Amino acid sequence: NVWLRIYDGYIPSWLKNIKIEGSFICSHNKLTSLENCPQYVGKDFLCGHNELTSLEDCPKYIGSNFWCYYNKEKLELPEGVEVKGNFFN
């Protein structure tokens, strides 16, 4: 699992091409964008409690649940994203 704890409001570029076999948690980071997000997450993807207005650049594959609650607004799952579990917004 990867727990991302950042305070600059962005995801580091080196994560973009990483395949995460476990969960990826980037909640509570004041993110305004999911730019540089890993494109494959084998388990849960959590991006809640940020300042997101879009899920553009989210992972293309999530092997379990996608959690994106408590952002600036209610977010919609982008077309072409495969979520094997539930989508919680």
# chains A, B, ... in the order shown; residues from 1 in each chain; ligands from 1
$ residues_around --residues "range 10-27 of chain A" --least-positions-apart "5" --cutoff "7 Å" --atoms "only C-alpha atoms" --output "list in words"
Asn1, Val2, Trp3, Leu4, Arg5, Ser33, Leu34, Glu35, Asn36, Cys37, Pro38, Gln39, Tyr40, Val41, Gly42, Lys43, Asp44, Phe45, Leu46, Cys47, Gly48, His49 and Asn50 of chain A
$ write_last_selection --atoms "N, CA and C atoms" --output "compact mmCIF listing (two decimals), in the first residue's frame"
# COMPACT_ATOMS: atom_id res chain seq x y z
N ASN A 1 0.83 -1.20 0.00
CA ASN A 1 0.00 0.00 0.00
C ASN A 1 0.87 1.25 0.00
N VAL A 2 0.38 2.31 -0.61
CA VAL A 2 1.10 3.58 -0.65
C VAL A 2 0.23 4.64 0.00
N TRP A 3 0.75 5.25 1.05
CA TRP A 3 0.08 6.37 1.73
C TRP A 3 0.84 7.62 1.33
N LEU A 4 0.19 8.50 0.63
CA LEU A 4 0.84 9.73 0.17
C LEU A 4 0.50 10.86 1.13
N ARG A 5 1.50 11.40 1.78
CA ARG A 5 1.30 12.52 2.70
C ARG A 5 2.12 13.68 2.16
N SER A 33 -5.90 18.57 -8.02
CA SER A 33 -5.84 17.80 -9.25
C SER A 33 -5.26 16.42 -8.95
N LEU A 34 -5.57 15.45 -9.79
CA LEU A 34 -4.97 14.12 -9.68
C LEU A 34 -3.88 13.91 -10.73
N GLU A 35 -3.38 15.00 -11.27
CA GLU A 35 -2.27 14.94 -12.23
C GLU A 35 -1.12 14.15 -11.60
N ASN A 36 -0.49 13.29 -12.39
CA ASN A 36 0.63 12.43 -11.97
C ASN A 36 0.19 11.23 -11.13
N CYS A 37 -1.08 10.97 -11.05
CA CYS A 37 -1.60 9.83 -10.30
C CYS A 37 -1.19 8.53 -11.00
N PRO A 38 -0.88 7.47 -10.23
CA PRO A 38 -0.62 6.18 -10.88
C PRO A 38 -1.83 5.75 -11.71
N GLN A 39 -1.59 5.10 -12.82
CA GLN A 39 -2.68 4.70 -13.71
C GLN A 39 -3.26 3.33 -13.38
N TYR A 40 -2.56 2.57 -12.52
CA TYR A 40 -3.03 1.24 -12.11
C TYR A 40 -2.93 1.14 -10.59
N VAL A 41 -4.05 0.84 -9.94
CA VAL A 41 -4.09 0.62 -8.49
C VAL A 41 -4.80 -0.72 -8.28
N GLY A 42 -4.09 -1.69 -7.72
CA GLY A 42 -4.61 -3.04 -7.59
C GLY A 42 -5.71 -3.22 -6.57
N LYS A 43 -5.76 -2.36 -5.57
CA LYS A 43 -6.80 -2.46 -4.54
C LYS A 43 -7.57 -1.14 -4.48
N ASP A 44 -7.75 -0.57 -3.28
CA ASP A 44 -8.53 0.66 -3.12
C ASP A 44 -7.77 1.91 -3.55
N PHE A 45 -8.51 2.88 -4.07
CA PHE A 45 -7.98 4.21 -4.37
C PHE A 45 -8.79 5.21 -3.55
N LEU A 46 -8.11 5.96 -2.68
CA LEU A 46 -8.77 6.94 -1.81
C LEU A 46 -8.22 8.33 -2.08
N CYS A 47 -9.10 9.26 -2.48
CA CYS A 47 -8.68 10.64 -2.73
C CYS A 47 -9.66 11.61 -2.08
N GLY A 48 -10.33 11.19 -1.03
CA GLY A 48 -11.29 12.04 -0.34
C GLY A 48 -10.63 13.11 0.51
N HIS A 49 -11.43 14.04 0.98
CA HIS A 49 -10.96 15.13 1.86
C HIS A 49 -9.85 15.95 1.21
N ASN A 50 -10.04 16.27 -0.06
CA ASN A 50 -9.12 17.16 -0.79
C ASN A 50 -9.93 18.34 -1.32
$ select_by_dssp --residues "chain A" --states "strand (DSSP E)" --output "ChimeraX atom specification"
/A:2-3,19-20,24-25,40-41,45-46,61-62,66-67,82-83,87-88
$ residues_around --residues "range 71-83 of chain A" --least-positions-apart "2" --cutoff "6 Å" --atoms "only C-alpha atoms" --output "PDB file with N, CA, C and O atoms, in the first residue's frame"
ATOM      1  N   HIS A  49     -11.431  14.044   0.976  1.00  0.00           N
ATOM      2  CA  HIS A  49     -10.964  15.125   1.855  1.00  0.00           C
ATOM      3  C   HIS A  49      -9.850  15.948   1.207  1.00  0.00           C
ATOM      4  O   HIS A  49      -8.838  16.257   1.832  1.00  0.00           O
ATOM      5  N   ASN A  50     -10.037  16.271  -0.064  1.00  0.00           N
ATOM      6  CA  ASN A  50      -9.120  17.158  -0.787  1.00  0.00           C
ATOM      7  C   ASN A  50      -9.926  18.337  -1.322  1.00  0.00           C
ATOM      8  O   ASN A  50     -11.019  18.604  -0.832  1.00  0.00           O
ATOM      9  N   GLU A  51      -9.392  19.019  -2.324  1.00  0.00           N
ATOM     10  CA  GLU A  51     -10.073  20.161  -2.930  1.00  0.00           C
ATOM     11  C   GLU A  51     -10.302  19.920  -4.415  1.00  0.00           C
ATOM     12  O   GLU A  51     -10.238  20.840  -5.218  1.00  0.00           O
ATOM     13  N   LEU A  52     -10.574  18.679  -4.770  1.00  0.00           N
ATOM     14  CA  LEU A  52     -10.752  18.294  -6.170  1.00  0.00           C
ATOM     15  C   LEU A  52     -12.076  18.795  -6.738  1.00  0.00           C
ATOM     16  O   LEU A  52     -13.093  18.774  -6.051  1.00  0.00           O
ATOM     17  N   THR A  53     -12.031  19.215  -7.992  1.00  0.00           N
ATOM     18  CA  THR A  53     -13.245  19.598  -8.717  1.00  0.00           C
ATOM     19  C   THR A  53     -13.461  18.679  -9.918  1.00  0.00           C
ATOM     20  O   THR A  53     -14.444  18.808 -10.626  1.00  0.00           O
ATOM     21  N   LYS A  60      -6.691   4.567 -14.330  1.00  0.00           N
ATOM     22  CA  LYS A  60      -7.552   3.959 -15.347  1.00  0.00           C
ATOM     23  C   LYS A  60      -8.099   2.610 -14.876  1.00  0.00           C
ATOM     24  O   LYS A  60      -9.106   2.137 -15.382  1.00  0.00           O
ATOM     25  N   TYR A  61      -7.405   1.991 -13.917  1.00  0.00           N
ATOM     26  CA  TYR A  61      -7.844   0.714 -13.359  1.00  0.00           C
ATOM     27  C   TYR A  61      -7.719   0.759 -11.837  1.00  0.00           C
ATOM     28  O   TYR A  61      -6.660   1.122 -11.309  1.00  0.00           O
ATOM     29  N   ILE A  62      -8.804   0.391 -11.151  1.00  0.00           N
ATOM     30  CA  ILE A  62      -8.826   0.299  -9.692  1.00  0.00           C
ATOM     31  C   ILE A  62      -9.416  -1.072  -9.363  1.00  0.00           C
ATOM     32  O   ILE A  62     -10.561  -1.367  -9.708  1.00  0.00           O
ATOM     33  N   TYR A  69     -15.004  10.946  -1.599  1.00  0.00           N
ATOM     34  CA  TYR A  69     -15.954  11.775  -0.853  1.00  0.00           C
ATOM     35  C   TYR A  69     -15.266  13.002  -0.242  1.00  0.00           C
ATOM     36  O   TYR A  69     -14.048  13.035  -0.098  1.00  0.00           O
ATOM     37  N   GLY A  85     -14.664  -2.572  -7.746  1.00  0.00           N
ATOM     38  CA  GLY A  85     -15.532  -2.505  -6.572  1.00  0.00           C
ATOM     39  C   GLY A  85     -16.581  -1.429  -6.729  1.00  0.00           C
ATOM     40  O   GLY A  85     -17.172  -1.263  -7.792  1.00  0.00           O
TER      41      GLY A  85
END
$ atom_distance --atom1 "CA of Phe88 in chain A" --atom2 "CA of Cys68 in chain A"
6.1 Å
$ atom_distance --atom1 "CA of Gly63 in chain A" --atom2 "CA of Lys30 in chain A"
24.6 Å
$ decode --residues "range 72-85 of chain A" --atoms "N, CA, C and O atoms" --output "PDB file, in the first residue's frame"
ATOM      1  N   LYS A  72     -14.406  19.387  -3.131  1.00  0.00           N
ATOM      2  CA  LYS A  72     -15.100  20.670  -3.336  1.00  0.00           C
ATOM      3  C   LYS A  72     -16.522  20.492  -3.841  1.00  0.00           C
ATOM      4  O   LYS A  72     -17.385  21.293  -3.557  1.00  0.00           O
ATOM      5  N   GLU A  73     -16.752  19.447  -4.625  1.00  0.00           N
ATOM      6  CA  GLU A  73     -18.085  19.183  -5.156  1.00  0.00           C
ATOM      7  C   GLU A  73     -18.235  17.687  -5.393  1.00  0.00           C
ATOM      8  O   GLU A  73     -17.262  16.941  -5.319  1.00  0.00           O
ATOM      9  N   LYS A  74     -19.436  17.241  -5.677  1.00  0.00           N
ATOM     10  CA  LYS A  74     -19.680  15.837  -5.977  1.00  0.00           C
ATOM     11  C   LYS A  74     -19.041  15.520  -7.326  1.00  0.00           C
ATOM     12  O   LYS A  74     -19.275  16.212  -8.309  1.00  0.00           O
ATOM     13  N   LEU A  75     -18.224  14.490  -7.375  1.00  0.00           N
ATOM     14  CA  LEU A  75     -17.432  14.190  -8.557  1.00  0.00           C
ATOM     15  C   LEU A  75     -17.980  12.972  -9.301  1.00  0.00           C
ATOM     16  O   LEU A  75     -18.491  12.038  -8.696  1.00  0.00           O
ATOM     17  N   GLU A  76     -17.855  13.012 -10.609  1.00  0.00           N
ATOM     18  CA  GLU A  76     -18.310  11.930 -11.466  1.00  0.00           C
ATOM     19  C   GLU A  76     -17.119  11.103 -11.945  1.00  0.00           C
ATOM     20  O   GLU A  76     -16.048  11.640 -12.210  1.00  0.00           O
ATOM     21  N   LEU A  77     -17.343   9.820 -12.092  1.00  0.00           N
ATOM     22  CA  LEU A  77     -16.307   8.915 -12.589  1.00  0.00           C
ATOM     23  C   LEU A  77     -16.078   9.183 -14.076  1.00  0.00           C
ATOM     24  O   LEU A  77     -17.015   9.156 -14.864  1.00  0.00           O
ATOM     25  N   PRO A  78     -14.832   9.454 -14.478  1.00  0.00           N
ATOM     26  CA  PRO A  78     -14.555   9.703 -15.894  1.00  0.00           C
ATOM     27  C   PRO A  78     -14.806   8.464 -16.750  1.00  0.00           C
ATOM     28  O   PRO A  78     -14.666   7.329 -16.289  1.00  0.00           O
ATOM     29  N   GLU A  79     -15.151   8.686 -17.993  1.00  0.00           N
ATOM     30  CA  GLU A  79     -15.363   7.606 -18.945  1.00  0.00           C
ATOM     31  C   GLU A  79     -14.053   6.843 -19.142  1.00  0.00           C
ATOM     32  O   GLU A  79     -12.973   7.423 -19.165  1.00  0.00           O
ATOM     33  N   GLY A  80     -14.157   5.533 -19.255  1.00  0.00           N
ATOM     34  CA  GLY A  80     -12.978   4.713 -19.522  1.00  0.00           C
ATOM     35  C   GLY A  80     -12.247   4.229 -18.282  1.00  0.00           C
ATOM     36  O   GLY A  80     -11.240   3.525 -18.399  1.00  0.00           O
ATOM     37  N   VAL A  81     -12.722   4.580 -17.101  1.00  0.00           N
ATOM     38  CA  VAL A  81     -12.094   4.136 -15.854  1.00  0.00           C
ATOM     39  C   VAL A  81     -12.772   2.840 -15.417  1.00  0.00           C
ATOM     40  O   VAL A  81     -13.994   2.769 -15.326  1.00  0.00           O
ATOM     41  N   GLU A  82     -11.965   1.813 -15.146  1.00  0.00           N
ATOM     42  CA  GLU A  82     -12.496   0.521 -14.712  1.00  0.00           C
ATOM     43  C   GLU A  82     -12.328   0.389 -13.200  1.00  0.00           C
ATOM     44  O   GLU A  82     -11.207   0.413 -12.695  1.00  0.00           O
ATOM     45  N   VAL A  83     -13.444   0.262 -12.483  1.00  0.00           N
ATOM     46  CA  VAL A  83     -13.450   0.096 -11.028  1.00  0.00           C
ATOM     47  C   VAL A  83     -14.103  -1.249 -10.741  1.00  0.00           C
ATOM     48  O   VAL A  83     -15.275  -1.451 -11.065  1.00  0.00           O
ATOM     49  N   LYS A  84     -13.353  -2.165 -10.127  1.00  0.00           N
ATOM     50  CA  LYS A  84     -13.867  -3.512  -9.861  1.00  0.00           C
ATOM     51  C   LYS A  84     -14.800  -3.546  -8.646  1.00  0.00           C
ATOM     52  O   LYS A  84     -15.621  -4.439  -8.529  1.00  0.00           O
ATOM     53  N   GLY A  85     -14.664  -2.572  -7.746  1.00  0.00           N
ATOM     54  CA  GLY A  85     -15.532  -2.505  -6.572  1.00  0.00           C
ATOM     55  C   GLY A  85     -16.581  -1.429  -6.729  1.00  0.00           C
ATOM     56  O   GLY A  85     -17.172  -1.263  -7.792  1.00  0.00           O
TER      57      GLY A  85
END
